[in-house]
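Structure file data.cif; described as mmCIF, C-alpha atoms.
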```
data_target
#
loop_
_atom_site.group_PDB
_atom_site.id
_atom_site.type_symbol
_atom_site.label_atom_id
_atom_site.label_comp_id
_atom_site.auth_asym_id
_atom_site.auth_seq_id
_atom_site.Cartn_x
_atom_site.Cartn_y
_atom_site.Cartn_z
ATOM 1 C CA PHE U 1 -6.407 117.573 -117.367
ATOM 2 C CA LEU U 2 -10.181 117.259 -117.161
ATOM 3 C CA THR U 3 -12.146 114.393 -118.693
ATOM 4 C CA PRO U 4 -15.783 114.995 -117.723
ATOM 5 C CA ASN U 5 -17.116 111.670 -119.010
ATOM 6 C CA GLY U 6 -18.648 110.342 -115.789
ATOM 7 C CA ASP U 7 -16.089 107.604 -115.111
ATOM 8 C CA GLY U 8 -15.154 109.064 -111.714
ATOM 9 C CA ARG U 9 -11.614 110.030 -112.743
ATOM 10 C CA ASN U 10 -10.695 113.638 -113.564
ATOM 11 C CA ASP U 11 -14.386 114.538 -113.906
ATOM 12 C CA LEU U 12 -14.084 117.713 -111.800
ATOM 13 C CA LEU U 13 -11.624 120.587 -111.559
ATOM 14 C CA ARG U 14 -10.020 120.131 -108.142
ATOM 15 C CA LEU U 15 -7.986 122.994 -106.739
ATOM 16 C CA ASP U 16 -5.762 122.097 -103.794
ATOM 17 C CA GLY U 17 -6.354 124.154 -100.659
ATOM 18 C CA ILE U 18 -9.745 125.504 -101.716
ATOM 19 C CA GLU U 19 -11.163 124.585 -98.303
ATOM 20 C CA ARG U 20 -8.791 127.080 -96.636
ATOM 21 C CA SER U 21 -10.597 129.970 -98.289
ATOM 22 C CA PRO U 22 -14.289 129.251 -98.862
ATOM 23 C CA ASN U 23 -14.814 132.932 -99.702
ATOM 24 C CA ASN U 24 -13.426 132.714 -103.236
ATOM 25 C CA SER U 25 -14.354 133.208 -106.864
ATOM 26 C CA LEU U 26 -13.413 131.173 -109.933
ATOM 27 C CA GLN U 27 -13.432 132.385 -113.526
ATOM 28 C CA ILE U 28 -12.701 130.144 -116.520
ATOM 29 C CA PHE U 29 -11.933 131.473 -119.998
ATOM 30 C CA ASN U 30 -11.622 129.810 -123.380
ATOM 31 C CA ARG U 31 -8.604 130.329 -125.620
ATOM 32 C CA TYR U 32 -10.180 133.488 -127.051
ATOM 33 C CA GLY U 33 -10.466 135.091 -123.628
ATOM 34 C CA VAL U 34 -14.240 134.658 -123.389
ATOM 35 C CA MET U 35 -15.489 133.784 -119.914
ATOM 36 C CA VAL U 36 -17.280 130.434 -120.059
ATOM 37 C CA TYR U 37 -17.731 129.797 -116.322
ATOM 38 C CA LYS U 38 -17.959 131.904 -113.186
ATOM 39 C CA LYS U 39 -18.685 130.837 -109.629
ATOM 40 C CA GLU U 40 -18.547 132.479 -106.228
ATOM 41 C CA ASN U 41 -17.516 130.236 -103.321
ATOM 42 C CA TYR U 42 -16.156 127.524 -105.619
ATOM 43 C CA GLN U 43 -16.143 124.029 -104.065
ATOM 44 C CA ASN U 44 -14.287 121.818 -106.595
ATOM 45 C CA ASP U 45 -17.452 121.182 -108.605
ATOM 46 C CA PHE U 46 -16.669 122.384 -112.165
ATOM 47 C CA ASP U 47 -17.527 119.480 -114.464
ATOM 48 C CA GLY U 48 -16.702 120.912 -117.880
ATOM 49 C CA ARG U 49 -20.049 122.649 -118.452
ATOM 50 C CA SER U 50 -20.473 126.350 -119.056
ATOM 51 C CA ASN U 51 -22.764 128.451 -116.894
ATOM 52 C CA MET U 52 -22.594 131.524 -119.144
ATOM 53 C CA ASP U 53 -24.885 132.505 -122.012
ATOM 54 C CA LEU U 54 -22.547 134.514 -124.234
ATOM 55 C CA VAL U 55 -20.783 132.179 -126.653
ATOM 56 C CA VAL U 56 -21.844 128.717 -125.607
ATOM 57 C CA GLU U 57 -25.202 127.556 -124.409
ATOM 58 C CA ARG U 58 -25.632 127.572 -120.638
ATOM 59 C CA ASN U 59 -25.099 124.124 -119.052
ATOM 60 C CA SER U 60 -23.604 122.720 -122.244
ATOM 61 C CA GLY U 61 -20.383 120.752 -122.232
ATOM 62 C CA LEU U 62 -17.365 122.748 -123.344
ATOM 63 C CA GLU U 63 -15.419 121.724 -126.427
ATOM 64 C CA ASN U 64 -12.090 119.929 -126.171
ATOM 65 C CA GLY U 65 -9.244 122.346 -125.729
ATOM 66 C CA VAL U 66 -7.200 124.526 -123.406
ATOM 67 C CA TYR U 67 -8.965 126.718 -120.850
ATOM 68 C CA PHE U 68 -7.496 129.261 -118.456
ATOM 69 C CA TYR U 69 -8.716 129.955 -114.946
ATOM 70 C CA ILE U 70 -8.295 132.613 -112.279
ATOM 71 C CA ILE U 71 -9.124 131.756 -108.691
ATOM 72 C CA THR U 72 -9.327 134.614 -106.203
ATOM 73 C CA PHE U 73 -9.113 133.802 -102.504
ATOM 74 C CA HIS U 74 -10.780 136.826 -100.931
ATOM 75 C CA ASP U 75 -9.996 135.795 -97.328
ATOM 76 C CA LEU U 76 -6.309 135.300 -98.085
ATOM 77 C CA ARG U 77 -6.033 138.264 -100.484
ATOM 78 C CA GLN U 78 -4.439 136.021 -103.094
ATOM 79 C CA LYS U 79 -5.079 135.387 -106.748
ATOM 80 C CA HIS U 80 -3.794 132.413 -108.741
ATOM 81 C CA GLN U 81 -4.086 131.499 -112.378
ATOM 82 C CA GLY U 82 -3.567 128.339 -114.331
ATOM 83 C CA TYR U 83 -4.737 126.313 -117.268
ATOM 84 C CA MET U 84 -6.307 122.968 -117.969
ATOM 85 C CA TYR U 85 -7.085 120.798 -120.970
ATOM 86 C CA ILE U 86 -10.612 119.478 -121.351
ATOM 87 C CA SER U 87 -11.002 116.245 -123.287
ATOM 88 C CA ASN U 88 -14.451 114.686 -123.580
#
```
If you convert what's in this file into structure tokens, what do you get?
Amino acid sequence: FLTPNGDGRNDLLRLDGIERSPNNSLQIFNRYGVMVYKKENYQNDFDGRSNMDLVVERNSGLENGVYFYIITFHDLRQKHQGYMYISN
């Protein structure tokens, strides 16, 4: 659950153990499968804003809803996926 409203609670997507594999990549997709965020060497800093230009405007806050993510830990040769709900 992500509530990027600046109150200091649930403002960022925090993935446990990310520090064990700093050589990683994170991809976030909307419910239609469109990538809305991509970052190499993710450091628990996703705040609900897109960094892609395709469907939503870059650096704009994403709409409320369910989003899916894939985190790849290159050092560990592991890939995990999950989902989150963004509520502004």
Who sits within 12 Å of Gly65 in chain U, all atoms listed in the file, same chain under 4 positions skipped, as a ChimeraX atom specification: /U:1-3,29-32,48,61,83-88
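The closest residue to Gly6 in chain U, picked from U:Asp53, U:Glu19, U:Asp47, U:Asp75 and counting only C-alpha atoms, is U:Asp47.
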List every protein, DNA or RNA residue with an atom no more than 7 Å from (-11.8, 128.1, -118.3) in the file's coordinates, counting all atoms listed in the file, and format the result as a PyMOL selection string. chain U and resi 27-30+35-37+67-69
What lies within 12 Å of His80 in chain U using only C-alpha atoms, ignoring chain neighbours under 5 positions off, as a count of residues only? 15
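The coordinates place CA of Leu62 in chain U at 5.6 Å from CA of Arg49 in chain U.
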Quick one, how far is CA of Asp45 in chain U from CA of Arg20 in chain U? 15.9 Å
Which centre and which edge lengths, in Å to one decimal, describe the axis-aligned box that holds all listed atoms of range 34-38 of chain U after 8 Å is added on each side, as lines of an AutoDock Vina configuration file?
```
center_x = -16.1
center_y = 132.2
center_z = -118.3
size_x = 19.7
size_y = 20.9
size_z = 26.2
```
Using the block above, I'd like range 15-50 of chain U written out, keeping N, CA, C and O atoms and formatting it as a compact mmCIF listing (two decimals), in the first residue's frame.
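Result saved to out36.txt:
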```txt
# COMPACT_ATOMS: atom_id res chain seq x y z
N LEU U 15 11.32 -2.15 -0.49
CA LEU U 15 11.47 -3.58 -0.74
C LEU U 15 12.52 -4.13 0.23
O LEU U 15 13.68 -3.69 0.21
N ASP U 16 12.10 -5.06 1.06
CA ASP U 16 13.00 -5.64 2.05
C ASP U 16 14.17 -6.34 1.37
O ASP U 16 13.99 -7.04 0.37
N GLY U 17 15.36 -6.14 1.91
CA GLY U 17 16.55 -6.82 1.40
C GLY U 17 17.20 -6.17 0.20
O GLY U 17 18.16 -6.72 -0.34
N ILE U 18 16.71 -5.03 -0.23
CA ILE U 18 17.25 -4.39 -1.43
C ILE U 18 18.73 -4.07 -1.27
O ILE U 18 19.49 -4.09 -2.24
N GLU U 19 19.17 -3.81 -0.06
CA GLU U 19 20.57 -3.46 0.19
C GLU U 19 21.51 -4.64 -0.05
O GLU U 19 22.70 -4.46 -0.26
N ARG U 20 20.99 -5.87 -0.06
CA ARG U 20 21.82 -7.05 -0.30
C ARG U 20 22.21 -7.19 -1.76
O ARG U 20 23.11 -7.95 -2.08
N SER U 21 21.50 -6.51 -2.63
CA SER U 21 21.80 -6.58 -4.06
C SER U 21 21.63 -5.21 -4.69
O SER U 21 20.62 -4.92 -5.33
N PRO U 22 22.62 -4.34 -4.53
CA PRO U 22 22.50 -2.99 -5.09
C PRO U 22 22.48 -2.97 -6.62
O PRO U 22 22.03 -2.00 -7.22
N ASN U 23 22.96 -4.05 -7.24
CA ASN U 23 22.93 -4.17 -8.69
C ASN U 23 21.59 -4.81 -9.07
O ASN U 23 21.48 -6.02 -9.22
N ASN U 24 20.56 -3.98 -9.19
CA ASN U 24 19.21 -4.49 -9.43
C ASN U 24 18.50 -3.60 -10.44
O ASN U 24 19.01 -2.57 -10.85
N SER U 25 17.32 -4.02 -10.83
CA SER U 25 16.48 -3.17 -11.68
C SER U 25 15.02 -3.39 -11.28
O SER U 25 14.60 -4.50 -10.98
N LEU U 26 14.27 -2.29 -11.26
CA LEU U 26 12.86 -2.32 -10.89
C LEU U 26 12.03 -1.82 -12.07
O LEU U 26 12.38 -0.82 -12.70
N GLN U 27 10.96 -2.55 -12.36
CA GLN U 27 10.00 -2.13 -13.38
C GLN U 27 8.62 -2.15 -12.74
O GLN U 27 8.27 -3.10 -12.04
N ILE U 28 7.83 -1.10 -12.99
CA ILE U 28 6.47 -1.02 -12.47
C ILE U 28 5.52 -0.83 -13.65
O ILE U 28 5.78 0.00 -14.53
N PHE U 29 4.42 -1.58 -13.62
CA PHE U 29 3.45 -1.58 -14.71
C PHE U 29 2.07 -1.24 -14.17
O PHE U 29 1.72 -1.62 -13.05
N ASN U 30 1.27 -0.56 -14.99
CA ASN U 30 -0.11 -0.31 -14.59
C ASN U 30 -0.96 -1.54 -14.90
O ASN U 30 -0.44 -2.56 -15.38
N ARG U 31 -2.23 -1.46 -14.64
CA ARG U 31 -3.10 -2.64 -14.80
C ARG U 31 -3.26 -3.07 -16.26
O ARG U 31 -3.73 -4.17 -16.53
N TYR U 32 -2.86 -2.21 -17.18
CA TYR U 32 -2.93 -2.55 -18.61
C TYR U 32 -1.63 -3.13 -19.13
O TYR U 32 -1.50 -3.42 -20.30
N GLY U 33 -0.65 -3.27 -18.25
CA GLY U 33 0.64 -3.82 -18.64
C GLY U 33 1.60 -2.80 -19.22
O GLY U 33 2.65 -3.17 -19.75
N VAL U 34 1.29 -1.53 -19.10
CA VAL U 34 2.16 -0.47 -19.61
C VAL U 34 3.17 -0.09 -18.53
O VAL U 34 2.79 0.18 -17.39
N MET U 35 4.45 -0.09 -18.89
CA MET U 35 5.48 0.28 -17.94
C MET U 35 5.37 1.77 -17.62
O MET U 35 5.38 2.61 -18.51
N VAL U 36 5.26 2.07 -16.32
CA VAL U 36 5.13 3.46 -15.89
C VAL U 36 6.36 3.94 -15.12
O VAL U 36 6.50 5.13 -14.84
N TYR U 37 7.26 3.00 -14.77
CA TYR U 37 8.45 3.36 -14.00
C TYR U 37 9.52 2.31 -14.25
O TYR U 37 9.23 1.12 -14.30
N LYS U 38 10.75 2.77 -14.39
CA LYS U 38 11.88 1.86 -14.55
C LYS U 38 13.09 2.50 -13.90
O LYS U 38 13.34 3.69 -14.08
N LYS U 39 13.84 1.69 -13.13
CA LYS U 39 15.02 2.24 -12.48
C LYS U 39 16.06 1.15 -12.30
O LYS U 39 15.76 0.06 -11.82
N GLU U 40 17.28 1.46 -12.68
CA GLU U 40 18.43 0.59 -12.40
C GLU U 40 18.97 0.97 -11.03
O GLU U 40 18.94 2.14 -10.65
N ASN U 41 19.44 -0.02 -10.30
CA ASN U 41 20.02 0.20 -8.96
C ASN U 41 19.01 0.89 -8.04
O ASN U 41 19.32 1.91 -7.41
N TYR U 42 17.82 0.33 -7.96
CA TYR U 42 16.75 0.87 -7.13
C TYR U 42 17.16 0.93 -5.66
O TYR U 42 17.78 0.01 -5.15
N GLN U 43 16.79 2.02 -4.98
CA GLN U 43 17.19 2.24 -3.59
C GLN U 43 16.00 2.63 -2.70
O GLN U 43 16.12 3.52 -1.86
N ASN U 44 14.86 2.00 -2.89
CA ASN U 44 13.66 2.29 -2.09
C ASN U 44 13.23 3.76 -2.19
O ASN U 44 12.92 4.40 -1.19
N ASP U 45 13.21 4.29 -3.41
CA ASP U 45 12.90 5.71 -3.58
C ASP U 45 11.72 5.99 -4.53
O ASP U 45 11.50 7.14 -4.89
N PHE U 46 10.94 4.97 -4.90
CA PHE U 46 9.76 5.21 -5.74
C PHE U 46 8.68 5.88 -4.91
O PHE U 46 8.26 5.38 -3.88
N ASP U 47 8.24 7.05 -5.36
CA ASP U 47 7.28 7.85 -4.60
C ASP U 47 5.94 8.04 -5.32
O ASP U 47 5.23 9.01 -5.07
N GLY U 48 5.61 7.11 -6.21
CA GLY U 48 4.32 7.18 -6.88
C GLY U 48 4.29 8.03 -8.13
O GLY U 48 3.23 8.27 -8.69
N ARG U 49 5.46 8.48 -8.59
CA ARG U 49 5.53 9.28 -9.82
C ARG U 49 6.17 8.48 -10.94
O ARG U 49 7.14 7.77 -10.73
N SER U 50 5.62 8.63 -12.12
CA SER U 50 6.14 7.95 -13.30
C SER U 50 7.42 8.62 -13.78
O SER U 50 7.59 9.83 -13.63
```
